[in-house]
$ cat final38.cif   # mmCIF, C-alpha atoms
data_input
loop_
_atom_site.label_atom_id
_atom_site.label_comp_id
_atom_site.auth_asym_id
_atom_site.auth_seq_id
_atom_site.Cartn_x
_atom_site.Cartn_y
_atom_site.Cartn_z
CA MET A 8 -85.75 183.21 -99.42
CA THR A 9 -86.15 181.56 -96.05
CA TYR A 10 -87.15 177.92 -96.04
CA ARG A 11 -88.46 176.08 -93.01
CA PHE A 12 -87.58 172.47 -92.35
CA ILE A 13 -88.92 170.14 -89.67
CA VAL A 14 -86.37 167.51 -88.71
CA GLN A 15 -87.76 164.51 -86.88
CA ILE A 16 -85.22 162.33 -85.07
CA GLU A 17 -86.14 158.99 -83.55
CA ARG A 18 -84.42 156.01 -82.01
CA LYS A 19 -83.60 153.27 -84.51
CA PRO A 20 -86.05 150.38 -84.34
CA GLY A 21 -84.83 147.52 -82.21
CA LEU A 22 -82.82 149.66 -79.82
CA SER A 23 -84.17 149.94 -76.30
CA ASP A 24 -86.39 152.95 -75.62
CA PRO A 25 -87.25 152.79 -71.91
CA GLU A 26 -89.23 156.05 -72.00
CA GLY A 27 -91.42 154.77 -74.83
CA ALA A 28 -91.89 151.35 -73.24
CA THR A 29 -92.85 152.86 -69.87
CA THR A 30 -95.35 155.22 -71.50
CA ALA A 31 -96.88 152.37 -73.53
CA ARG A 32 -97.36 150.41 -70.28
CA ALA A 33 -98.97 153.43 -68.59
CA LEU A 34 -101.37 153.93 -71.51
CA THR A 35 -102.34 150.26 -71.37
CA ASP A 36 -102.83 150.50 -67.58
CA LEU A 37 -105.15 153.45 -68.17
CA GLY A 38 -107.36 151.23 -70.28
CA PHE A 39 -106.26 152.22 -73.78
CA THR A 40 -106.28 148.92 -75.60
CA GLY A 41 -104.18 148.04 -78.58
CA VAL A 42 -101.19 150.24 -77.77
CA GLU A 43 -98.47 148.30 -79.54
CA HIS A 44 -95.59 150.70 -79.52
CA VAL A 45 -94.70 154.16 -78.23
CA SER A 46 -91.45 155.86 -79.07
CA PHE A 47 -90.01 159.23 -78.21
CA GLY A 48 -88.09 161.42 -80.59
CA ARG A 49 -86.98 164.96 -81.04
CA THR A 50 -88.26 167.66 -83.37
CA ILE A 51 -85.92 170.36 -84.60
CA THR A 52 -87.23 173.31 -86.61
CA ILE A 53 -84.71 175.02 -88.84
CA ASP A 54 -85.26 178.25 -90.76
CA LEU A 55 -82.64 178.48 -93.46
CA GLU A 56 -81.88 181.34 -95.80
CA ASP A 57 -80.90 180.05 -99.23
CA GLU A 58 -81.44 180.95 -102.87
CA ASP A 59 -82.43 177.47 -103.91
CA PRO A 60 -84.80 175.11 -102.05
CA ASP A 61 -82.91 172.02 -103.20
CA ASP A 62 -79.62 173.43 -101.93
CA ALA A 63 -81.33 174.24 -98.65
CA MET A 64 -82.63 170.68 -98.36
CA ARG A 65 -79.15 169.31 -99.08
CA SER A 66 -77.70 171.54 -96.36
CA VAL A 67 -80.21 170.26 -93.82
CA GLU A 68 -79.43 166.69 -94.89
CA THR A 69 -75.75 167.34 -94.16
CA MET A 70 -76.63 168.96 -90.82
CA CYS A 71 -78.52 165.82 -89.85
CA SER A 72 -75.83 163.36 -90.82
CA LYS A 73 -73.03 165.41 -89.30
CA LEU A 74 -74.47 166.73 -86.05
CA LEU A 75 -78.21 166.56 -85.43
CA ALA A 76 -78.57 162.77 -85.45
CA ASN A 77 -76.22 160.05 -84.26
CA PRO A 78 -76.33 157.38 -86.99
CA VAL A 79 -75.37 154.68 -84.50
CA ILE A 80 -78.63 155.00 -82.59
CA GLU A 81 -80.94 157.34 -84.50
CA ARG A 82 -82.66 157.83 -87.81
CA TYR A 83 -84.27 160.99 -89.12
CA THR A 84 -86.72 162.46 -91.59
CA ILE A 85 -86.72 165.96 -93.02
CA GLU A 86 -89.88 167.77 -94.06
CA ALA A 87 -89.80 171.03 -96.01
CA VAL A 88 -92.80 173.02 -94.82
CA SER A 89 -92.38 176.31 -96.64
CA MET B 18 -44.02 165.40 -71.43
CA THR B 19 -47.43 165.60 -69.89
CA THR B 20 -50.93 164.18 -70.04
CA ALA B 21 -53.27 166.65 -71.70
CA VAL B 22 -56.49 166.82 -69.70
CA VAL B 23 -59.04 168.43 -72.00
CA VAL B 24 -61.47 170.91 -70.49
CA PHE B 25 -64.71 171.69 -72.33
CA PRO B 26 -67.25 174.24 -71.07
CA GLY B 27 -69.08 172.11 -68.50
CA THR B 28 -66.28 169.64 -67.78
CA ASN B 29 -66.05 169.25 -64.01
CA CYS B 30 -63.71 166.36 -63.22
CA GLU B 31 -60.45 167.78 -64.57
CA ARG B 32 -58.97 168.55 -61.15
CA ASP B 33 -59.80 165.09 -59.83
CA VAL B 34 -58.11 163.55 -62.87
CA GLU B 35 -55.10 165.82 -62.43
CA TYR B 36 -54.82 164.65 -58.82
CA ALA B 37 -55.22 161.00 -59.79
CA LEU B 38 -52.49 161.36 -62.42
CA SER B 39 -50.17 162.86 -59.79
CA MET B 40 -50.76 159.75 -57.65
CA VAL B 41 -49.19 157.62 -60.39
CA GLY B 42 -46.37 160.04 -61.11
CA LEU B 43 -47.80 161.76 -64.18
CA ASP B 44 -47.88 165.50 -64.83
CA ALA B 45 -51.12 166.89 -66.17
CA GLU B 46 -51.74 169.97 -68.24
CA LEU B 47 -55.28 171.28 -68.43
CA VAL B 48 -56.03 172.12 -72.07
CA TRP B 49 -58.93 174.33 -73.12
CA HIS B 50 -61.16 172.81 -75.79
CA ARG B 51 -60.35 175.62 -78.23
CA ASP B 52 -56.65 174.77 -78.23
CA THR B 53 -55.51 173.10 -81.40
CA ASP B 54 -52.00 172.00 -80.50
CA LEU B 55 -51.32 169.02 -78.26
CA ALA B 56 -47.77 168.55 -79.51
CA GLY B 57 -46.39 168.63 -75.98
CA ALA B 58 -48.63 165.83 -74.76
CA ASP B 59 -47.67 162.16 -74.60
CA SER B 60 -51.20 161.11 -73.62
CA VAL B 61 -54.71 162.54 -73.42
CA ILE B 62 -57.61 162.23 -71.01
CA LEU B 63 -61.12 163.55 -71.64
CA PRO B 64 -62.56 163.86 -68.13
CA GLY B 65 -66.16 163.72 -66.98
CA GLY B 66 -68.73 166.48 -66.69
CA PHE B 67 -71.37 167.95 -68.94
CA ALA B 68 -69.50 169.33 -71.94
CA HIS B 69 -71.52 172.04 -73.68
CA GLY B 70 -74.37 171.34 -71.28
CA ASP B 71 -74.99 167.92 -72.83
CA TYR B 72 -77.18 169.79 -75.32
CA LEU B 73 -78.50 167.84 -78.32
CA ARG B 74 -76.86 164.59 -77.15
CA THR B 75 -74.07 164.01 -74.65
CA GLY B 76 -70.81 164.68 -76.44
CA ALA B 77 -72.47 165.68 -79.72
CA ILE B 78 -71.27 169.27 -79.68
CA ALA B 79 -68.01 168.60 -77.85
CA ARG B 80 -66.85 166.31 -80.63
CA PHE B 81 -66.66 169.35 -82.92
CA SER B 82 -64.62 171.43 -80.47
CA PRO B 83 -61.36 172.52 -82.14
CA VAL B 84 -59.20 170.34 -79.88
CA MET B 85 -60.89 167.15 -81.08
CA LYS B 86 -59.08 167.10 -84.44
CA GLU B 87 -55.84 166.87 -82.51
CA VAL B 88 -57.24 164.22 -80.15
CA GLU B 89 -58.28 162.19 -83.17
CA ARG B 90 -54.84 162.58 -84.73
CA LEU B 91 -53.12 161.37 -81.56
CA ALA B 92 -55.57 158.48 -81.17
CA THR B 93 -54.78 157.38 -84.72
CA ALA B 94 -51.05 157.75 -84.05
CA GLY B 95 -51.31 155.26 -81.17
CA VAL B 96 -50.99 157.73 -78.32
CA PRO B 97 -52.83 156.69 -75.11
CA VAL B 98 -56.26 158.37 -75.06
CA LEU B 99 -58.76 157.79 -72.26
CA GLY B 100 -62.33 159.04 -71.93
CA ILE B 101 -64.01 158.92 -68.53
CA CYS B 102 -67.82 159.19 -68.32
CA ASN B 103 -68.65 162.29 -70.41
CA GLY B 104 -65.22 161.86 -72.03
CA PHE B 105 -66.24 158.33 -73.06
CA GLN B 106 -69.47 159.73 -74.52
CA ILE B 107 -67.46 162.29 -76.51
CA LEU B 108 -65.10 159.61 -77.91
CA CYS B 109 -68.13 157.59 -79.04
CA GLU B 110 -69.81 160.60 -80.65
CA ALA B 111 -66.56 161.38 -82.43
CA GLY B 112 -66.43 157.85 -83.79
CA ILE B 113 -63.04 157.30 -82.14
CA LEU B 114 -64.69 154.52 -80.13
CA ASP B 115 -67.64 152.45 -81.33
CA GLY B 116 -71.17 152.56 -80.01
CA ALA B 117 -73.17 155.14 -78.09
CA LEU B 118 -74.33 155.91 -74.57
CA VAL B 119 -78.02 156.53 -74.01
CA ALA B 120 -80.29 157.15 -71.02
CA ASN B 121 -80.12 154.60 -68.20
CA GLN B 122 -82.71 151.86 -68.51
CA ASP B 123 -84.67 153.03 -65.44
CA LEU B 124 -84.39 156.69 -66.53
CA LYS B 125 -82.73 157.65 -63.26
CA PHE B 126 -79.46 159.42 -62.66
CA ILE B 127 -77.20 156.87 -60.97
CA CYS B 128 -74.65 158.03 -58.41
CA LYS B 129 -73.25 155.14 -56.40
CA PRO B 130 -70.27 152.81 -56.18
CA VAL B 131 -70.50 149.86 -58.57
CA THR B 132 -68.33 146.84 -59.09
CA VAL B 133 -66.73 146.12 -62.45
CA ARG B 134 -64.74 143.15 -63.68
CA VAL B 135 -61.61 143.43 -65.80
CA GLU B 136 -62.30 141.57 -69.06
CA SER B 137 -59.13 142.29 -71.00
CA THR B 138 -55.73 143.75 -70.25
CA ASN B 139 -55.12 144.81 -73.83
CA SER B 140 -55.77 148.50 -73.22
CA VAL B 141 -54.24 151.60 -71.73
CA LEU B 142 -56.92 151.35 -69.07
CA THR B 143 -56.29 147.81 -67.89
CA ALA B 144 -52.72 146.89 -68.86
CA ALA B 145 -51.58 146.72 -65.23
CA ALA B 146 -54.69 144.91 -63.97
CA THR B 147 -55.49 141.21 -64.16
CA VAL B 148 -58.36 139.57 -66.02
CA GLY B 149 -61.16 138.79 -63.58
CA GLN B 150 -60.08 141.44 -61.10
CA VAL B 151 -63.10 143.11 -59.47
CA LEU B 152 -62.91 146.84 -58.85
CA ARG B 153 -65.23 149.04 -56.79
CA ILE B 154 -65.57 152.43 -58.48
CA PRO B 155 -68.25 155.16 -58.37
CA LEU B 156 -70.68 155.53 -61.25
CA ASN B 157 -72.18 158.99 -61.79
CA SER B 158 -74.27 159.31 -64.93
CA TYR B 159 -77.68 159.52 -66.56
CA GLU B 160 -76.58 158.48 -70.06
CA GLY B 161 -74.46 155.47 -69.10
CA ASN B 162 -76.37 152.80 -70.99
CA TYR B 163 -73.96 151.49 -73.61
CA ILE B 164 -75.41 150.31 -76.87
CA SER B 165 -73.98 149.46 -80.19
CA ASP B 166 -75.83 148.73 -83.39
CA GLU B 167 -75.77 145.32 -85.00
CA SER B 168 -73.18 146.28 -87.56
CA LEU B 169 -70.61 146.64 -84.83
CA SER B 170 -68.92 143.55 -83.56
CA LEU B 171 -67.52 144.00 -80.11
CA ASP B 172 -65.18 141.12 -80.75
CA GLY B 173 -63.73 142.81 -83.80
CA ASP B 174 -62.61 146.42 -83.80
CA THR B 175 -63.69 146.95 -80.23
CA SER B 176 -62.79 144.99 -77.16
CA VAL B 177 -64.70 145.02 -73.90
CA VAL B 178 -62.34 145.86 -71.06
CA LEU B 179 -64.74 146.29 -68.12
CA ARG B 180 -68.14 144.80 -67.32
CA TYR B 181 -70.52 145.57 -64.46
CA CYS B 182 -70.58 142.62 -62.06
CA ASP B 183 -71.60 141.74 -58.53
CA ALA B 184 -69.15 141.70 -55.62
CA ASP B 185 -68.13 138.14 -56.51
CA GLY B 186 -67.37 139.09 -60.09
CA ASP B 187 -70.47 137.45 -61.56
CA LEU B 188 -72.40 139.13 -64.37
CA THR B 189 -76.02 139.29 -63.27
CA PRO B 190 -78.90 141.47 -64.47
CA ALA B 191 -79.12 142.98 -60.98
CA ALA B 192 -75.45 143.96 -61.14
CA ASN B 193 -75.96 145.85 -64.40
CA PRO B 194 -76.94 149.28 -63.06
CA ASN B 195 -77.98 151.05 -66.25
CA GLY B 196 -79.03 148.41 -68.79
CA SER B 197 -75.79 148.49 -70.76
CA MET B 198 -75.56 145.93 -73.54
CA ALA B 199 -73.71 142.85 -72.31
CA SER B 200 -73.05 144.67 -69.01
CA ILE B 201 -70.42 146.79 -70.73
CA ALA B 202 -68.79 149.44 -68.50
CA GLY B 203 -65.69 150.12 -70.57
CA ILE B 204 -64.30 149.41 -74.03
CA ALA B 205 -61.12 149.92 -76.01
CA ASN B 206 -60.21 149.99 -79.67
CA SER B 207 -58.50 146.91 -81.10
CA ARG B 208 -55.09 148.51 -80.76
CA GLY B 209 -55.79 149.19 -77.09
CA ASN B 210 -54.49 152.77 -77.08
CA VAL B 211 -57.94 154.36 -76.89
CA ALA B 212 -60.27 153.40 -74.07
CA GLY B 213 -63.42 154.72 -72.45
CA LEU B 214 -65.39 153.86 -69.34
CA MET B 215 -68.47 155.20 -67.57
CA PRO B 216 -67.40 154.79 -63.90
CA HIS B 217 -65.00 157.34 -62.38
CA PRO B 218 -61.68 155.73 -61.37
CA GLU B 219 -60.33 159.14 -60.31
CA ARG B 220 -62.89 159.07 -57.48
CA ALA B 221 -61.50 155.79 -56.18
CA ILE B 222 -57.86 156.70 -56.03
CA GLU B 223 -57.12 156.40 -52.30
CA ASP B 224 -58.71 154.75 -49.29
CA ILE B 225 -59.96 158.02 -47.80
CA LEU B 226 -62.34 158.23 -50.78
CA GLY B 227 -63.86 154.87 -49.90
CA SER B 228 -61.89 152.85 -52.42
CA SER B 229 -58.49 152.88 -54.06
CA ASP B 230 -59.50 150.37 -56.72
CA GLY B 231 -59.34 153.00 -59.46
CA LYS B 232 -55.62 153.42 -58.98
CA VAL B 233 -54.69 150.31 -60.96
CA LEU B 234 -56.45 151.83 -63.98
CA PHE B 235 -54.34 154.99 -63.73
CA GLU B 236 -51.24 152.82 -63.19
CA SER B 237 -52.21 151.04 -66.39
CA PHE B 238 -52.48 154.37 -68.17
CA ALA B 239 -49.08 155.49 -66.86
CA ALA B 240 -47.47 152.18 -67.85
CA SER B 241 -48.86 152.59 -71.37
CA ILE B 242 -47.04 155.84 -72.06
CA PRO B 243 -43.84 154.96 -73.95
CA SER B 244 -41.72 157.74 -72.45
CA VAL B 245 -42.61 156.62 -68.95
CA ASN B 246 -41.57 153.06 -69.75
CA ALA B 247 -38.31 154.12 -71.38
#

$ encode --input "final38.cif" --output "C-alpha cells"
Amino acid sequence: MTYRFIVQIERKPGLSDPEGATTARALTDLGFTGVEHVSFGRTITIDLEDEDPDDAMRSVETMCSKLLANPVIERYTIEAVS
Amino acid sequence: MTTAVVVFPGTNCERDVEYALSMVGLDAELVWHRDTDLAGADSVILPGGFAHGDYLRTGAIARFSPVMKEVERLATAGVPVLGICNGFQILCEAGILDGALVANQDLKFICKPVTVRVESTNSVLTAAATVGQVLRIPLNSYEGNYISDESLSLDGDTSVVLRYCDADGDLTPAANPNGSMASIAGIANSRGNVAGLMPHPERAIEDILGSSDGKVLFESFAASIPSVNA
C-alpha cells in the first residue's frame, strides 16, 4: 500500500524570518489591515510504500528529525492524506 | 601528513584552500566526499561552495556524505577541523558546531570584502592572531546569517572567535552585513579544535588579491597541527 504524507516545515517562532516580515509589510502597504504575521515554510510530499500505516508514519517522523528539518531552526508537522 | 580538503559535488573553493595551505607550508590532499578513510590526515578543511546544490538546506545533504563520519571522528579526537562558508554550514548541520546559518537578513547574496574582529584566540582559526585584531576578508554567501536557538549558550560549549565590525573594530549594526546574531562571523567549539567562519580567508592570502589578512588564520591553523609544532 502506498501512503501519502504532507510534511510542513516552518521556521521556529521567535527566529527571524525576513521573507515573512517583508511580505507582511507589503500586504499592509497594499491596504490589507490586520496582518499580524506572515511566515514562509516548505511543503514536502512523500509517497511511501509500506504494509502498515503506523510504520509508514514512524518512518516519515524519522525522516523529518534526521534530514528534512533542522531542529535548531525549524519545526514540522506531518499529515497523512491517504 | 597532510590536510584533507574535502570535496563534495558542488564544492568550488578547494583549489584556493589548497593554495592558501601551501602559503603556510602545509600539504593538502583533496578528498572526495565518498571516501571513508582520512587516516593519513592530520587536519581537515571543509571548503566553500554549494555542496549537493544546497538542496533542502545548505549542508543538509552533505552532512550525510560518507566522509562525514570520519570528519566527526577526527573532530571528536581533537584534530584541527575548519569549515569555511559552505563548510561552516555543513559542520553546523552535522551538529559538530552549534547553531545554523540562514538567509541573509536583506535576502541578498553578499559578495564583498568585510571586516571582522578577532574575539578569541582559543581556536585553530585564531591561535596566531591577537584579540581585537581587525581583518579584511571577502564574504560570499546568501545563507550567512548565523543564528542559534535559546538553548545554546555561546559562552558555554561554543566560543565566538570572529565578529563583523567596522574598519575601527567597532561592532555596529551597519557593520553586520547579514544580520548574524551578535555579529557572529566565526565560532569554535569549547576545545578550540573545530572552527567555522563565513568569510573566505583563502581569498585574502596575499596582497595581489586585495588583502593578505586571511593569512594569519591559516598560520593559526598550521600552528595548531601537533606534528607541525613538533

$ interface_residues --input "final38.cif" --of "chain A" --to "chain B" --cutoff "8 Å" --atoms "all atoms listed in the file" --output "PDB file with C-alpha atoms, in the coordinates of the input"
ATOM      1  CA  LEU A  22     -82.820 149.660 -79.820  1.00  0.00           C
ATOM      2  CA  PRO A  25     -87.250 152.790 -71.910  1.00  0.00           C
ATOM      3  CA  GLU A  26     -89.230 156.050 -72.000  1.00  0.00           C
ATOM      4  CA  LEU A  74     -74.470 166.730 -86.050  1.00  0.00           C
ATOM      5  CA  LEU A  75     -78.210 166.560 -85.430  1.00  0.00           C
ATOM      6  CA  ASN A  77     -76.220 160.050 -84.260  1.00  0.00           C
ATOM      7  CA  VAL A  79     -75.370 154.680 -84.500  1.00  0.00           C
ATOM      8  CA  ILE A  80     -78.630 155.000 -82.590  1.00  0.00           C
TER       9      ILE A  80
END

$ atom_distance --input "final38.cif" --atom1 "CA of Ile62 in chain B" --atom2 "CA of Ala192 in chain B"
27.4 Å

$ residues_around --input "final38.cif" --residues "Leu152 in chain B" --least-positions-apart "6" --cutoff "6 Å" --atoms "only C-alpha atoms" --output "number ranges by chain"
B: 132-133, 230

$ atom_distance --input "final38.cif" --atom1 "CA of Arg153 in chain B" --atom2 "CA of Val178 in chain B"
14.9 Å

$ closest_residue --input "final38.cif" --among "A:Thr35, A:Ser46, A:Ser23, A:Thr52" --to "Cys71 in chain A" --atoms "only C-alpha atoms"
A:Thr52

$ residues_around --input "final38.cif" --residues "range 137-140 of chain B" --least-positions-apart "5" --cutoff "9 Å" --atoms "all atoms listed in the file" --output "JSON, numbers by chain"
{"B": [97, 145, 146, 147, 148, 149, 176, 177, 178, 179, 204, 205, 206, 207, 208, 209, 210, 211, 212, 237, 238, 241]}

$ resolve_selection --input "final38.cif" --expression "the PyMOL selection byres ((chain B and resi 129) around 12)" --output "PDB file with C-alpha atoms, keeping the file's coordinate frame"
ATOM      1  CA  LYS B 125     -82.730 157.650 -63.260  1.00  0.00           C
ATOM      2  CA  PHE B 126     -79.460 159.420 -62.660  1.00  0.00           C
ATOM      3  CA  ILE B 127     -77.200 156.870 -60.970  1.00  0.00           C
ATOM      4  CA  CYS B 128     -74.650 158.030 -58.410  1.00  0.00           C
ATOM      5  CA  PRO B 130     -70.270 152.810 -56.180  1.00  0.00           C
ATOM      6  CA  VAL B 131     -70.500 149.860 -58.570  1.00  0.00           C
ATOM      7  CA  THR B 132     -68.330 146.840 -59.090  1.00  0.00           C
ATOM      8  CA  ARG B 153     -65.230 149.040 -56.790  1.00  0.00           C
ATOM      9  CA  ILE B 154     -65.570 152.430 -58.480  1.00  0.00           C
ATOM     10  CA  PRO B 155     -68.250 155.160 -58.370  1.00  0.00           C
ATOM     11  CA  LEU B 156     -70.680 155.530 -61.250  1.00  0.00           C
ATOM     12  CA  ASN B 157     -72.180 158.990 -61.790  1.00  0.00           C
ATOM     13  CA  SER B 158     -74.270 159.310 -64.930  1.00  0.00           C
ATOM     14  CA  TYR B 159     -77.680 159.520 -66.560  1.00  0.00           C
ATOM     15  CA  PRO B 194     -76.940 149.280 -63.060  1.00  0.00           C
ATOM     16  CA  ASN B 195     -77.980 151.050 -66.250  1.00  0.00           C
ATOM     17  CA  PRO B 216     -67.400 154.790 -63.900  1.00  0.00           C
ATOM     18  CA  HIS B 217     -65.000 157.340 -62.380  1.00  0.00           C
ATOM     19  CA  ARG B 220     -62.890 159.070 -57.480  1.00  0.00           C
ATOM     20  CA  ALA B 221     -61.500 155.790 -56.180  1.00  0.00           C
ATOM     21  CA  GLY B 227     -63.860 154.870 -49.900  1.00  0.00           C
TER      22      GLY B 227
END

$ resolve_selection --input "final38.cif" --expression "the PyMOL selection byres ((chain A and resi 31) around 12)" --output "list in words"
Asp24, Pro25, Glu26, Gly27, Ala28, Thr29, Thr30, Arg32, Ala33, Leu34, Thr35, Asp36, Leu37, Gly38, Phe39, Thr40, Gly41, Val42, Glu43, His44, Val45, Ser46 and Phe47 of chain A

$ resolve_selection --input "final38.cif" --expression "the PyMOL selection byres ((chain A and resi 89) around 6)" --output "ChimeraX atom specification"
/A:10-11,87-88

$ axis_aligned_box --input "final38.cif" --around "range 147-164 of chain B" --padding-each-side "5 Å" --output "lines of an AutoDock Vina configuration file"
center_x = -66.6
center_y = 149.2
center_z = -66.8
size_x = 32.2
size_y = 30.7
size_z = 30.1

$ closest_residue --input "final38.cif" --among "A:Ala76, A:Met70, A:Glu86, A:Pro60" --to "Ile16 in chain A" --atoms "all atoms listed in the file"
A:Ala76

$ residues_near_point --input "final38.cif" --point "(-89.0, 165.2, -89.4)" --cutoff "6 Å" --atoms "all atoms listed in the file" --output "list in words"
Ile13, Val14, Gln15, Thr84, Ile85 and Glu86 of chain A

$ atom_distance --input "final38.cif" --atom1 "CA of His69 in chain B" --atom2 "CA of Glu68 in chain A"
23.3 Å

$ residues_near_point --input "final38.cif" --point "(-54.5, 170.8, -82.3)" --cutoff "7 Å" --atoms "only C-alpha atoms" --output "VMD selection string"
chain B and resid 52 to 55 84 86 to 87

$ write_last_selection --input "final38.cif" --atoms "C-alpha atoms" --output "CSV table (one decimal), in the frame of the given file"
chain,number,residue,atom,x,y,z
B,52,ASP,CA,-56.6,174.8,-78.2
B,53,THR,CA,-55.5,173.1,-81.4
B,54,ASP,CA,-52.0,172.0,-80.5
B,55,LEU,CA,-51.3,169.0,-78.3
B,84,VAL,CA,-59.2,170.3,-79.9
B,86,LYS,CA,-59.1,167.1,-84.4
B,87,GLU,CA,-55.8,166.9,-82.5

$ residues_around --input "final38.cif" --residues "Val24 in chain B" --least-positions-apart "6" --cutoff "7 Å" --atoms "only C-alpha atoms" --output "list in words"
Glu31, Leu47, Val48, Trp49 and His50 of chain B

$ closest_residue --input "final38.cif" --among "A:Gly48, A:Met64, A:Asp59, A:Met8" --to "Pro20 in chain A" --atoms "all atoms listed in the file"
A:Gly48
